[in-house]
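Participant: Pasting a structure below so you can have a look.
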Amino acid sequence: MSPRAPGGSATSAAVRWRRLVRARRAEMERLCPGGGALGAPYWDSRARRFAARTAGSATGDPLLSRLRRVARSSTTVLDVGAGPGRFALALAPRVAAVVAVDASPVMGSLLRRAARREGLTNVTTVTGRWEELDVAPVDLGLCSYVLPLVEDAATFLAKLDAASLGDAFVYLSALSADVFSDPFWRHFHGRPRQPGPTYLDAVAVLAELGIGADVEVVEVRVRTRYSTVAAAAKAYRESLLLADTAEVRRELRSLLSRWLVADGDALRPPLRTTPAAIIHWSTRRGGPARSLPPPNR
Ligand SMILES: C[S@@+](CC[C@H](N)C(=O)[O-])C[C@H]1O[C@@H](n2cnc3c(N)ncnc32)[C@H](O)[C@@H]1O
């Protein structure tokens with residue numbers, strides 16, 4: 001049942017999703033002007049670091065095992081928000097073709113370069129926002145760690161559904177995106193962070209679209225490593241939207257040196273795994289037409 005808004009009218013899951021994303025962005029903007037802009041320039045500037053952090057990380061990831069159970073050598077795959085391509089590149093050797101869509105041109109060029117290096121000739125990239133693109137349907141659609149960034153989840157998911165002729169998968173954290181930073185956020189900002197939407201909100205939006213999805217919660221290895229406490233403090237300062245002052249750096253270094261644990265030559269957060277949700281549905285072509293919920297903004 002949809003939650004009741006003051007005055008008695010029901011708030012749709014799609015509207016609730018949009019409000020959560022907007023409130024979180026507005027908080028980011030308030031704390032750091034420009035900090036709420038998470039479009040292509042944001043990902044362009046982080047693409048190389050992100051690629052280095054995620055390279056090879058699909059190996060052993062529960063989503064890859066799940067996708068491999070469904071994918072055949074004749075399967076065509078669409079990866080929406082593919083980034084530098086950890087899933088697109090890992091699937092390509094086993095399937096007929098992969099189309100990797102991403103809003104960030106730098107992510108796309110890193111993916112193409114990696115595909116060339118690996119001798120993969122069946123991967124194509126498309127640059128643009130998924131909501132605005134026209135891409136031919138495939139057998140298997142996938143979208144990993146993108147949805148909570150998107151305001152209009154209903155349109156985004158309806159498009160993914162329409163583009164997936166067999167199965168569709170959405171992957172996202174099953175904990176708050178702030179799992180590692182929440183105590184630090186509260187310490188520095190004196191209150192909790194605006195929460196983002198969760199995988200349960202995503203399932204509710206799908207239900208409004210007439211899509212019954214199954215959900216599997218899996219544990220994913222935490223790969224975050226820092227070479228020094230100072231490097232960790234820099235990363236946390238950025239994600240916590242804190243000013244770059246000597247006092248903040250000192251305070252963060254002091255807190256992190258007590259929280260991070262040694263792992264060989266590196267430091268890591270004291271969690272070895274975190275839960276993620278694999279949301280899956282089989283697309284039912286020929287069934288009743290699905291429609292978007294009314295634009296109850
Ligand atoms: C956190 S990364 C995830 C990358 C990859 N799917 C993975 O799991 O490693 C999010 C990616 O989604 C892309 N993205 C965000 N919003 C998008 C949109 N509306 N359309 C297409 N790509 C989008 C970003 O450019 C970025 O590369």
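Within each chain, counting starts at residue 1; across the structure tokens, chains are named A, B, ... in the order shown, with ligands numbered 1 upward in that order.
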Hey, which residues come within 10 Å of ligand 1 if we count only C-alpha atoms and all ligand atoms? Could you give them as JSON, numbers by chain?

Facilitator: {"A": [38, 39, 40, 41, 42, 43, 44, 46, 47, 50, 51, 53, 54, 55, 57, 58, 79, 80, 81, 82, 83, 84, 85, 86, 87, 88, 100, 101, 102, 103, 104, 105, 106, 107, 108, 126, 127, 128, 129, 130, 131, 132, 133, 142, 143, 144, 145, 146, 147, 148, 149, 150, 151, 152, 153, 156, 170, 171, 172]}

Participant: What lies within 7 Å of region 244-253 of chain A using only C-alpha atoms, ignoring chain neighbours under 5 positions off, as a list of chain:residue names?

Facilitator: A:Val229, A:Ala230, A:Ala233

Participant: Give me, as an MDAnalysis selection string, all polymer residues having an atom no more than 12 Å from Ser73 (chain A), counting only C-alpha atoms and skipping those fewer than 5 positions away in the same chain.

Facilitator: chainID A and resid 68 91:98 122 139

Participant: Going by DSSP on the backbone, which bits of region 39-110 of chain A are alpha helix (DSSP H)? Write them as a ChimeraX atom specification, please.

Facilitator: /A:40-54,62-70,86-91,105-110

Participant: Go ahead and write the residues just picked, C-alpha atoms, as a tab-separated table (two decimals), in the first residue's frame.

Facilitator:
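Okay, out17.tsv is ready:
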chain	number	residue	atom	x	y	z
A	40	ALA	CA	28.69	13.22	-16.68
A	41	PRO	CA	31.37	15.78	-15.60
A	42	TYR	CA	31.33	14.33	-12.07
A	43	TRP	CA	31.93	10.79	-13.40
A	44	ASP	CA	34.42	11.99	-16.03
A	45	SER	CA	36.58	13.47	-13.28
A	46	ARG	CA	36.46	10.27	-11.24
A	47	ALA	CA	36.56	7.72	-14.06
A	48	ARG	CA	40.25	6.78	-13.87
A	49	ARG	CA	40.19	6.32	-10.11
A	50	PHE	CA	36.94	4.36	-10.34
A	51	ALA	CA	38.36	2.14	-13.11
A	52	ALA	CA	41.49	1.38	-11.06
A	53	ARG	CA	39.36	0.52	-8.02
A	54	THR	CA	36.90	-1.77	-9.84
A	62	PRO	CA	27.72	-12.84	-6.88
A	63	LEU	CA	26.04	-10.82	-9.66
A	64	LEU	CA	28.46	-12.18	-12.27
A	65	SER	CA	27.71	-15.79	-11.21
A	66	ARG	CA	24.00	-15.05	-11.44
A	67	LEU	CA	24.33	-13.44	-14.89
A	68	ARG	CA	26.39	-16.35	-16.16
A	69	ARG	CA	23.63	-18.76	-15.18
A	70	VAL	CA	21.27	-16.92	-17.54
A	86	ARG	CA	33.56	-4.41	-14.90
A	87	PHE	CA	30.45	-6.49	-15.77
A	88	ALA	CA	30.35	-5.69	-19.52
A	89	LEU	CA	33.95	-6.87	-19.98
A	90	ALA	CA	33.54	-9.94	-17.76
A	91	LEU	CA	30.45	-11.09	-19.68
A	105	PRO	CA	32.45	9.91	-22.25
A	106	VAL	CA	35.60	9.20	-20.21
A	107	MET	CA	34.06	6.02	-18.76
A	108	GLY	CA	33.18	4.94	-22.32
A	109	SER	CA	36.69	5.54	-23.61
A	110	LEU	CA	38.24	3.62	-20.69

Participant: Pick the closest to Asp265 (chain A) from A:Arg186, A:Thr228, A:Thr59, A:Leu209: which is it, counting only C-alpha atoms?

Facilitator: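 Of the candidates, the smallest distance to Asp265 (chain A) is held by A:Thr228.
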
Participant: Which residue out of A:Arg25, A:Arg268, A:Lys159, A:His280 has the minimum interatomic distance to Arg221 (chain A) when only C-alpha atoms are used?

Facilitator: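 Once distances to Arg221 (chain A) are computed over only C-alpha atoms, the minimum belongs to A:Arg268.
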
Participant: Mind checking which residues fall within 12 Å of Ala232 (chain A), counting only C-alpha atoms, ignoring those fewer than 3 positions away in the same chain, and posting them as a VMD selection string?

Facilitator: chain A and resid 180 to 181 224 to 229 235 to 240 249 to 250 252 to 257 259 to 261 266 to 269

Participant: Kindly export the residues of the current selection with C-alpha atoms, as a short mmCIF file (atom, residue, chain, number, x, y, z; two decimals), in the first residue's frame.

Facilitator:
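The file below, part.cif, is the result:
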data_model
loop_
_atom_site.label_atom_id
_atom_site.label_comp_id
_atom_site.auth_asym_id
_atom_site.auth_seq_id
_atom_site.Cartn_x
_atom_site.Cartn_y
_atom_site.Cartn_z
CA PHE A 180 31.08 3.50 5.84
CA SER A 181 30.67 7.19 6.47
CA THR A 224 38.34 -0.29 -0.61
CA ARG A 225 41.98 0.07 0.42
CA TYR A 226 44.02 3.13 1.41
CA SER A 227 47.79 3.37 1.24
CA THR A 228 47.99 5.74 4.24
CA VAL A 229 45.73 7.34 6.85
CA ALA A 235 38.77 10.32 0.46
CA TYR A 236 36.52 10.66 3.52
CA ARG A 237 36.77 14.45 3.51
CA GLU A 238 35.53 14.51 -0.08
CA SER A 239 32.68 12.07 0.46
CA LEU A 240 31.66 13.85 3.68
CA ARG A 249 42.33 16.85 8.19
CA ARG A 250 43.78 16.39 11.70
CA LEU A 252 39.75 12.88 10.35
CA ARG A 253 43.22 11.35 10.59
CA SER A 254 42.77 10.90 14.32
CA LEU A 255 39.34 9.20 13.94
CA LEU A 256 40.34 7.05 10.96
CA SER A 257 43.57 5.82 12.53
CA TRP A 259 38.79 2.87 12.88
CA LEU A 260 40.65 1.51 9.85
CA VAL A 261 42.40 -1.84 10.15
CA ALA A 266 47.25 -1.14 3.18
CA LEU A 267 44.38 0.03 5.40
CA ARG A 268 40.75 -0.95 4.97
CA PRO A 269 37.40 -0.31 6.69
#

Participant: One decimal, Å: what's the distance from CA of Asp214 (chain A) over to CA of Ile278 (chain A), could you say?

Facilitator: 8.2 Å

Participant: Could you tell me how far CA of Thr155 (chain A) lies from CA of Ala23 (chain A), in Å and to one decimal?

Facilitator: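 So the two atoms, CA of Thr155 (chain A) and CA of Ala23 (chain A), lie 19.2 Å apart.
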
Participant: Contacts of region 26-30 of chain A at 12 Å or less, counting only C-alpha atoms, minus same-chain residues fewer than 5 places along, as an MDAnalysis selection string?

Facilitator: chainID A and resid 19:21 35:38 189 191:196 238:242

Participant: Filtering to C-alpha atoms, could you give me those residues as an mmCIF file, in the first residue's frame?

Facilitator:
data_model
loop_
_atom_site.group_PDB
_atom_site.id
_atom_site.type_symbol
_atom_site.label_atom_id
_atom_site.label_comp_id
_atom_site.auth_asym_id
_atom_site.auth_seq_id
_atom_site.Cartn_x
_atom_site.Cartn_y
_atom_site.Cartn_z
ATOM 1 C CA ARG A 19 11.816 13.208 -3.291
ATOM 2 C CA LEU A 20 14.541 11.170 -1.605
ATOM 3 C CA VAL A 21 17.015 11.761 -4.447
ATOM 4 C CA GLY A 35 28.399 19.068 -4.883
ATOM 5 C CA GLY A 36 24.920 17.858 -5.812
ATOM 6 C CA ALA A 37 25.742 17.675 -9.523
ATOM 7 C CA LEU A 38 26.338 13.987 -10.206
ATOM 8 C CA HIS A 189 27.711 17.609 10.589
ATOM 9 C CA ARG A 191 23.032 15.164 12.361
ATOM 10 C CA PRO A 192 22.304 12.192 10.089
ATOM 11 C CA ARG A 193 22.657 12.502 6.336
ATOM 12 C CA GLN A 194 19.556 12.734 4.137
ATOM 13 C CA PRO A 195 18.859 9.092 3.298
ATOM 14 C CA GLY A 196 18.813 7.974 -0.329
ATOM 15 C CA GLU A 238 35.529 14.507 -0.085
ATOM 16 C CA SER A 239 32.683 12.071 0.464
ATOM 17 C CA LEU A 240 31.664 13.848 3.683
ATOM 18 C CA LEU A 241 31.670 17.215 1.849
ATOM 19 C CA LEU A 242 33.967 18.788 4.449
#

Participant: Asp161 (chain A): which residues within 9 Å, counting only C-alpha atoms, same-chain residues fewer than 3 positions away excluded, as a short mmCIF file (atom, residue, chain, number, x, y, z; two decimals) with N, CA and C atoms, in the first residue's frame?

Facilitator:
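Dumped to around10.cif:
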data_model
loop_
_atom_site.label_atom_id
_atom_site.label_comp_id
_atom_site.auth_asym_id
_atom_site.auth_seq_id
_atom_site.Cartn_x
_atom_site.Cartn_y
_atom_site.Cartn_z
N GLY A 141 19.13 -7.26 -19.94
CA GLY A 141 19.47 -5.89 -19.55
C GLY A 141 19.99 -5.88 -18.13
N PHE A 156 13.31 5.38 -15.91
CA PHE A 156 14.57 4.65 -16.11
C PHE A 156 14.31 3.14 -16.14
N LEU A 157 13.53 2.66 -15.17
CA LEU A 157 13.28 1.22 -15.08
C LEU A 157 12.34 0.74 -16.18
N ALA A 158 11.36 1.57 -16.54
CA ALA A 158 10.45 1.18 -17.62
C ALA A 158 11.24 1.03 -18.92
N SER A 164 14.81 -4.98 -22.51
CA SER A 164 15.27 -6.32 -22.13
C SER A 164 14.22 -7.33 -22.56
N LEU A 165 14.54 -8.15 -23.55
CA LEU A 165 13.52 -9.06 -24.08
C LEU A 165 13.42 -10.35 -23.27
N ASP A 167 15.58 -11.19 -19.68
CA ASP A 167 15.73 -10.94 -18.25
C ASP A 167 16.31 -9.55 -18.02
N ALA A 168 15.95 -8.99 -16.87
CA ALA A 168 16.54 -7.70 -16.48
C ALA A 168 17.04 -7.82 -15.04
N ILE A 211 5.59 -4.66 -12.62
CA ILE A 211 6.68 -5.63 -12.74
C ILE A 211 6.91 -6.30 -11.39
N TRP A 281 13.91 -9.56 -12.86
CA TRP A 281 12.60 -9.95 -13.37
C TRP A 281 12.74 -10.50 -14.78
N SER A 282 11.82 -11.39 -15.11
CA SER A 282 11.77 -11.90 -16.48
C SER A 282 10.76 -11.04 -17.20
N THR A 283 11.12 -10.58 -18.36
CA THR A 283 10.21 -9.68 -19.06
C THR A 283 9.17 -10.54 -19.78
#

Participant: Where in region 131-262 of chain A does DSSP assign strand (DSSP E or B), given as a ChimeraX atom specification?

Facilitator: /A:138-144,164-173,214-221,226,261-262

Participant: Measuring between only C-alpha atoms, which one of A:Arg112, A:Arg223, A:Arg22, A:Lys234 shows the shortest distance to Leu271 (chain A)?

Facilitator: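 Nearest to Leu271 (chain A): A:Arg223.
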
Participant: At what distance in Å, to one decimal, does CA of Gly264 (chain A) lie from CA of Val217 (chain A)?

Facilitator: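 It comes out at 29.3 Å.
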